[in-house]
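A short worksheet on the structure shown next.
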Amino acid sequence: MRFDFLKALISRMKVPLLFLILIVSPLIALSQEEPEQEERITSRRSELWNGLYTKYRIGEKLFYYGEYHLRTRDQLVQNMGQIYLRFGLSYIINKNLEITGGIVTPFYWAPPEYADQELPYDKIVNQFRFWQQALFIQSLGKAKLYHQIRTEQRWRRDYYVGSPFELSYRWRYKISSYIPLNSYKFQPGTYFLSLYNEVFIQTGKTIIRNPFEDNRAFVGLGYILNENIQFQVGYAKSWQQRDSGINYNNRDLIRFSVYHNLDFTRKKKPPVDFQPVF
Amino acid sequence: MNKGILVFLVLLLCGHGVFSQDTRPYKGGFTFKELRGTAELQYTLDEEMEPILNGPFVFNYSKMDSLERGLFRKLQVEGVYAEDQKNGDWTYQQEIHQIGIEDIVNRQIQAALSTNLVELEANYQKGELSGSWSYSEKNWQGEEYLNVFVAKDLTFEKDSLLGSVNFESKDPKRTYQIYGQVNKEGLMVGNWEFFYPMDSNLTIHETRRYEKGFLIGLSKVNSLTNQKIDEVVFYNAIEKLDSLNQGFEVDYKVSDQAFGLIFNDGYAESSQEFQEQYLGTYLLEDALSRVLQFEEGFFSEDGKLKKYPLSTRRFVYAISEEDQRRYEEIIEVFDRLKEQSNQKAISDFLSLNQNTSDSLAFSGAYFEYLMRKIGNYEQVIQLLRNGDIQYFDTGNYLRDGLNFLNSEEQINYTYDTELRQKTLEFPQLSENKKLSTDLLAHIQREWETFESIQDYIQKQQVDFRQSTELDILEERILKEKQRVASEKKSLEIRNNRHQALVDSVYQNLSVENYQQLLNKYNETEGFLEKAEVGDELIELFLFLEESLPELQRYENLGAFLREEFTEKTLDPFTFETDFEVLRQPGLIQAAESIIDYELDLIMRSEDFRDVQVHLLNLDALEARLLELKGRNTKRLERNIRKVSGNINQLKKLLSI
């Protein structure tokens with residue numbers, strides 16, 4: 001009797017829970033890895049990722065897309081990590097599919113260990129990328145499931161002075177889900193559970209020992225303030241393989257994101273105001 | 001630096017708190033002196049959201065008069081308002097064109113055009129007439145404008161004329177010249193000269209002598225021959241002024257108040273003192289009406305001057321307590337007499353049954369006499385009621401003003417084709433004639449006579465009326481009441497608030513309001529009055545029958561409007577296709593506040609007519625909101641937020 005409510009909750013949340021397990025399992029798997037066959041050097045650190053995501057409607061189905069990130073690292077905020085700017089145009093083909101393309105211009109701050117290097121290095125190094133993305137949207141009861149496939153062509157260089165820009169390719173797949181917690185659908189005032197897992201694969205002439213670049217798993221809480229503003233805060237675990245193939249980054253990420261959207265397609269109408277009768 | 005920021009923040013907050021102080025420009029329709037034209041002006045809003053004109057003001061009107069064919073009127077006004085008051089220099093230009101189409105030849109209109117042009121340069125200080133004024137009125141004659149009326153170099157101070165006054169009219173309808181002086185108190189002083197034609201052969205030169213607003217003498221002579229025509233010396237007033245000047249103990253003094261153009265020390269309209277002043281004063285009033293024609297506060301609704309920029313003085317007389325008591329009794333008897341004699345029931349009854357008996361035929365004629373007599377009483381009652389009797393020498397007034405107080409009144413009437421007569425007896429006026437006692441005795445007898453005739457008529461009414469009509473009425477009331485009760489039972493209740501609303505409206509109207517009206521019905525005796533209350537009872541139940549099922553809609557109005565204003569859209573982040581967004585939320589919040597307020601009043605009201613008004617308010621709110629749906633109401637919503645829930649201001653903002 002006392003657990004009736006739990007039964008009801010589980011039966012209602014069956015499908016979202018299944019996906020929750022699917023998405024979160026990498027997190028669990030990462031923490032239960034088998035003993036390594038070869039030597040693996042893992043460094044662990046924590047980072048704070050602040051992001052502003054914008055989508056501004058400029059056509060019936062066309063949106064300007066922008067991401068503006070400020071990331072700090074080491075005990076969350078000890079050192080500057082990146083400023084990361086992503087711009088693009090999104091086109092919503094239908095309610096289940098959206099495609100996006102654009103450019104990315106991140107700026108990377110050299111990690112603190114470069115201070116011990118003898119060779120001269122640049123403190124801040126930029127990159128340039130093109131990116132393309134397809135986003136498939138599925139409704140599962142009141143939850144939403146998103147499959148995001150993203151490709152990037154990256155021109156990047158080392159921090160050492162004079163390092164050349166080299167082209168490599170990145171292939172990303174993200175499965176994510178939003179599950180509304182306090183309403184039957186997404187609307188202003190809705191709190192929702194946000195989950196995702198994203199795999200990063202990279203290829204190219206310079207990619208020799210670490211085609212698997214990263215895996216990020218995230219669990220967080222979202223809130224829809226109104227039609228224009230949403231928030232998300234959460235925790236992500238990132239498991240990165242470095243160029244050497246034996247160096248790994250085990251990162252704990254705290255993410256705080258603001259989502260802002262506006263509709264510029266609305267036609268302005270003449271204002272109506274209180275007008276006394278003369 | 002910090003102080004600067006603080007001052008800035010304080011100013012910013014103040015600015016937000018009193019948005020109504022913002023000056024707003026307006027260009028559009030405007031009614032000026034009952035003319036609907038266009039204006040360009042600036043205004044602020046007061047706390048009640050009423051506009052306060054502030055700044056330059058330009059008004060234009062040009063229109064063919066809809067009532068009088070061929071009359072085209074143009075008016076241009078320019079000036080400045082400060083805090084809703086005229087201030088500084090103003091100009092008025094009015095053209096009235098009379099177009100008379102005489103013929104149309106080869107599609108060309110042959111028309112006669114006569115034009116009247118009025119030009120006024122005026123001046124105001126905080127809304128009061130002030131400074132120099134110049135007025136001219138011209139008619140187009142032949143090839144040029146000719147002066148019809150001129151009033152140059154007028155000086156005003158605090159709404160009153162000051163110094164020399166000179167009006168000259170060459171208007172063929174009213175030709176006159178008036179010269180006079182006004183002192184600093186706005187009182188007519190010294191000699192006033194009036195020249196006006198009596199007929200084609202005689203032009204009158206009227207001279208009046210004023211002492212600080214008291215008229216002490218008036219003479220009229222033929223302006224050509226100087227032959228005396230009339231003369232009135234106001235000895236009575238001169239004696240009183242002398243007594244006051246010599247410091248005698250008298251029961252009157254000079255009033256502090258100023259009065260109209262006619263000097264009156266209790267002169268009835270039929271008296272010589274009044275009559276001799278009439279013509280000159282009429283022309284003076286004509287001149288002032290022309291000069292002040294663009295002023296709002298100086299004219300009554302029927303277009304007559306009610307406030308004058310120059311005045312006369314009067315004496316104020318002490319009234320004893322006994323006289324005051326008698327005056328009050330006279331007013332009370334008069335009001336009773338007027339109210340009772342105006343009953344529609346009696347006049348209806350008499351008009352139907354006047355010829356059925358001698359007494360009823362007499363009663364009909366008596367009521368006609370009484371109506372005339374009440375008309376005669378009106379003037380003196382008005383004087384008693386507004387206290388102006390204290391400015392009347394009652395001795396003077398009794399001489400001519402109460403000449404309708406006859407000791408006998410003959411009532412002539414016809415019954416059965418025969419002309420008959422009855423005489424009503426009234427007390428004789430006392431030897432030394434005293435207003436309070438003589439008038440009281442007369443009106444008391446008037447009441448007694450009326451009462452006895454009314455009693456007789458009411459008895460006749462009871463006999464004549466079919467009481468069955470009331471039985472039918474009462475039966476219908478009960479039937480309607482039962483119908484409402486069963487309707488209430490059959491209502492489908494949506495929620496607790498709907499239940500509470502239905503219960504309160506039913507209890508307050510079907511029980512409380514019904515009981516009040518029923519008590520009134522039982523207390524009322526006359527058939528027609530009873531029937532009127534009965535009809536009201538039926539109206540109450542018909543209203544309930546109609547409105548009880550509608551209460552659900554009113555209770556749900558807030559939710560309905562919220563739903564109407566909620567739009568489903570696509571959220572580009574979650575891809576929710578049914579993302580519900582409340583559009584124009586400020587309007588909805590305001591509407592919900594007003595709905596709660598009106599429903600609360602409905603639930604408390606024990607008068608179905610009040611409830612009717614509140615329901616109409618809700619209908620108006622719904623219509624207004626739907627009218628505003630989808631329009632750009634951001635500015636309006638900002639203003640709504642600023643009035644922070646003040647229902648009256650919210651209603652005004654939403655034009656309800």
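In the structure tokens, chains take letters A, B, ... by order of appearance, with residues numbered from 1 within each chain and ligands from 1 in the order shown.
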Proximity check chain B to chain A, 9 Å, nearest pairs one decimal Å, only C-alpha atoms, as JSON lines:
{"residue": "B:Tyr26", "atom": "CA", "partner": "A:Gln275", "partner_atom": "CA", "distance": 9.0}
{"residue": "B:Gly28", "atom": "CA", "partner": "A:Phe278", "partner_atom": "CA", "distance": 8.7}
{"residue": "B:Gly29", "atom": "CA", "partner": "A:Phe278", "partner_atom": "CA", "distance": 6.9}
{"residue": "B:Phe30", "atom": "CA", "partner": "A:Phe278", "partner_atom": "CA", "distance": 4.9}
{"residue": "B:Thr31", "atom": "CA", "partner": "A:Phe278", "partner_atom": "CA", "distance": 6.2}
{"residue": "B:Phe32", "atom": "CA", "partner": "A:Phe278", "partner_atom": "CA", "distance": 8.8}
{"residue": "B:Leu45", "atom": "CA", "partner": "A:Pro276", "partner_atom": "CA", "distance": 8.8}
{"residue": "B:Met49", "atom": "CA", "partner": "A:Pro276", "partner_atom": "CA", "distance": 7.9}
{"residue": "B:Glu50", "atom": "CA", "partner": "A:Pro276", "partner_atom": "CA", "distance": 7.0}
{"residue": "B:Pro51", "atom": "CA", "partner": "A:Pro276", "partner_atom": "CA", "distance": 6.4}
{"residue": "B:Leu570", "atom": "CA", "partner": "A:Lys95", "partner_atom": "CA", "distance": 8.6}
{"residue": "B:Asp571", "atom": "CA", "partner": "A:Glu227", "partner_atom": "CA", "distance": 7.5}
{"residue": "B:Pro572", "atom": "CA", "partner": "A:Lys55", "partner_atom": "CA", "distance": 7.1}
{"residue": "B:Phe573", "atom": "CA", "partner": "A:Tyr259", "partner_atom": "CA", "distance": 7.7}
{"residue": "B:Thr574", "atom": "CA", "partner": "A:Phe186", "partner_atom": "CA", "distance": 7.5}
{"residue": "B:Phe575", "atom": "CA", "partner": "A:Lys95", "partner_atom": "CA", "distance": 7.0}
{"residue": "B:Glu576", "atom": "CA", "partner": "A:Phe186", "partner_atom": "CA", "distance": 6.2}
{"residue": "B:Thr577", "atom": "CA", "partner": "A:Lys95", "partner_atom": "CA", "distance": 7.3}
{"residue": "B:Asp578", "atom": "CA", "partner": "A:Phe186", "partner_atom": "CA", "distance": 7.9}
{"residue": "B:Phe579", "atom": "CA", "partner": "A:Gln187", "partner_atom": "CA", "distance": 5.3}
{"residue": "B:Glu580", "atom": "CA", "partner": "A:Gln187", "partner_atom": "CA", "distance": 5.7}
{"residue": "B:Val581", "atom": "CA", "partner": "A:Glu227", "partner_atom": "CA", "distance": 6.3}
{"residue": "B:Leu582", "atom": "CA", "partner": "A:Glu227", "partner_atom": "CA", "distance": 8.8}
{"residue": "B:Leu628", "atom": "CA", "partner": "A:Val272", "partner_atom": "CA", "distance": 8.1}
{"residue": "B:Arg631", "atom": "CA", "partner": "A:Lys269", "partner_atom": "CA", "distance": 6.6}
{"residue": "B:Asn632", "atom": "CA", "partner": "A:Pro271", "partner_atom": "CA", "distance": 4.7}
{"residue": "B:Thr633", "atom": "CA", "partner": "A:Val272", "partner_atom": "CA", "distance": 5.1}
{"residue": "B:Lys634", "atom": "CA", "partner": "A:Pro271", "partner_atom": "CA", "distance": 7.1}
{"residue": "B:Arg635", "atom": "CA", "partner": "A:Asp273", "partner_atom": "CA", "distance": 5.8}
{"residue": "B:Leu636", "atom": "CA", "partner": "A:Asp273", "partner_atom": "CA", "distance": 4.5}
{"residue": "B:Glu637", "atom": "CA", "partner": "A:Asp273", "partner_atom": "CA", "distance": 8.3}
{"residue": "B:Asn639", "atom": "CA", "partner": "A:Phe274", "partner_atom": "CA", "distance": 8.2}
{"residue": "B:Lys652", "atom": "CA", "partner": "A:Phe274", "partner_atom": "CA", "distance": 8.0}
{"residue": "B:Leu653", "atom": "CA", "partner": "A:Phe274", "partner_atom": "CA", "distance": 5.2}
{"residue": "B:Leu654", "atom": "CA", "partner": "A:Phe274", "partner_atom": "CA", "distance": 7.0}
{"residue": "B:Ser655", "atom": "CA", "partner": "A:Phe274", "partner_atom": "CA", "distance": 7.6}
>> When DSSP is applied to the backbone of this structure, which of range 358-597 of chain B are assigned strand (DSSP E)? Write them out as number ranges by chain.
In response: B: 408-415, 418-425, 566-569, 579-582
>> I'd like the interatomic distance between CA of Lys170 in chain B and CA of Lys307 in chain B, to a tenth of an Å.
In response: 25.1 Å
> Taking only C-alpha atoms into account, which of A:Lys205, A:Arg86, A:Arg73, A:Arg40 comes nearest Leu52 in chain A?
Replying inline: A:Arg86
Within 10 Å of Ser257 in chain A using only C-alpha atoms, minus same-chain residues under 6 positions, as an mmCIF file with N, CA and C atoms, in the first residue's frame:
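And here's out15.cif as it stands now:
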data_model
loop_
_atom_site.group_PDB
_atom_site.id
_atom_site.type_symbol
_atom_site.label_atom_id
_atom_site.label_comp_id
_atom_site.auth_asym_id
_atom_site.auth_seq_id
_atom_site.Cartn_x
_atom_site.Cartn_y
_atom_site.Cartn_z
ATOM 1 N N TRP A 49 31.335 25.184 -17.047
ATOM 2 C CA TRP A 49 30.967 25.617 -18.402
ATOM 3 C C TRP A 49 29.701 26.478 -18.333
ATOM 4 N N ASN A 50 29.883 27.710 -18.719
ATOM 5 C CA ASN A 50 28.719 28.607 -18.783
ATOM 6 C C ASN A 50 28.386 28.844 -20.246
ATOM 7 N N GLY A 51 27.150 28.675 -20.599
ATOM 8 C CA GLY A 51 26.803 28.839 -22.011
ATOM 9 C C GLY A 51 25.503 29.595 -22.221
ATOM 10 N N LEU A 52 25.518 30.393 -23.262
ATOM 11 C CA LEU A 52 24.282 31.036 -23.694
ATOM 12 C C LEU A 52 23.940 30.493 -25.085
ATOM 13 N N TYR A 53 22.759 29.920 -25.199
ATOM 14 C CA TYR A 53 22.317 29.381 -26.490
ATOM 15 C C TYR A 53 21.218 30.294 -27.024
ATOM 16 N N GLU A 67 25.860 30.013 -30.140
ATOM 17 C CA GLU A 67 26.252 29.519 -28.810
ATOM 18 C C GLU A 67 27.421 30.367 -28.363
ATOM 19 N N TYR A 68 27.397 30.780 -27.105
ATOM 20 C CA TYR A 68 28.457 31.639 -26.574
ATOM 21 C C TYR A 68 28.857 31.027 -25.234
ATOM 22 N N HIS A 69 30.068 30.430 -25.216
ATOM 23 C CA HIS A 69 30.472 29.702 -24.014
ATOM 24 C C HIS A 69 31.672 30.355 -23.355
ATOM 25 N N GLY A 222 16.258 21.355 -15.929
ATOM 26 C CA GLY A 222 15.933 22.514 -16.751
ATOM 27 C C GLY A 222 14.696 23.226 -16.237
ATOM 28 N N GLN A 230 14.980 29.891 -21.108
ATOM 29 C CA GLN A 230 15.025 28.632 -20.371
ATOM 30 C C GLN A 230 16.400 28.530 -19.708
ATOM 31 N N PHE A 231 16.459 27.718 -18.667
ATOM 32 C CA PHE A 231 17.731 27.510 -17.965
ATOM 33 C C PHE A 231 17.990 26.012 -17.846
ATOM 34 N N GLN A 232 19.264 25.681 -17.780
ATOM 35 C CA GLN A 232 19.634 24.302 -17.428
ATOM 36 C C GLN A 232 20.872 24.363 -16.553
ATOM 37 N N VAL A 233 20.879 23.492 -15.560
ATOM 38 C CA VAL A 233 22.079 23.351 -14.752
ATOM 39 C C VAL A 233 22.275 21.853 -14.521
ATOM 40 N N GLY A 234 23.540 21.407 -14.529
ATOM 41 C CA GLY A 234 23.725 19.982 -14.358
ATOM 42 C C GLY A 234 25.195 19.586 -14.290
#
> Skipping near chain neighbours, those fewer than 3 positions away, what residues fall within 8 Å of Leu429 in chain B using only C-alpha atoms, listed as a list in words?
Replying inline: Leu405, Ser407, Lys433 and Asp438 of chain B
Residues just named, written with C-alpha atoms as a compact mmCIF listing (two decimals), in the first residue's frame:
# COMPACT_ATOMS: atom_id res chain seq x y z
CA LEU B 405 -52.14 84.72 -3.42
CA SER B 407 -58.37 84.88 -1.12
CA LYS B 433 -48.37 91.81 4.84
CA ASP B 438 -49.11 85.02 4.76
> Can you list, as a ChimeraX atom specification, every protein, DNA or RNA residue that comes within 8 Å of range 113-122 of chain A when you count only C-alpha atoms, leaving out same-chain residues fewer than 6 positions away?
Replying inline: /A:159-161
Selection above as a file: C-alpha atoms, as a CSV table (one decimal), in the first residue's frame:
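Written out: part15.csv:
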chain,number,residue,atom,x,y,z
A,159,TYR,CA,50.1,26.2,-28.4
A,160,TYR,CA,53.8,26.4,-29.5
A,161,VAL,CA,54.7,29.5,-31.3
>> Set the distance at 7 Å and use only C-alpha atoms: which residues neighbour range 191-198 of chain A once local chain neighbours fewer than 2 positions away are removed? I'd like the list as a PyMOL selection string.
In response: chain A and resi 23+172-182+189+200+215-224
>> Could you go through range 11-212 of chain A and tell me which residues DSSP, when run on the backbone, assigns to helix (DSSP H, G or I), listing them as a PyMOL selection string?
In response: chain A and resi 11-12+14-31+112-116
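Taking CA of Arg483 in chain B and CA of Gln507 in chain B as endpoints, the distance between them is 14.9 Å.
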>> Using only C-alpha atoms, which protein or nucleic acid residues come within 8 Å of range 95-105 of chain B? Drop anything in the same chain fewer than 6 positions from it, and give the result as a PyMOL selection string.
In response: chain B and resi 70-75+111-118
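With distances restricted to only C-alpha atoms, B:Asn222 is the closest residue to Met198 in chain B from B:Ser363, B:Asn222, B:Gln181, B:Gln649.
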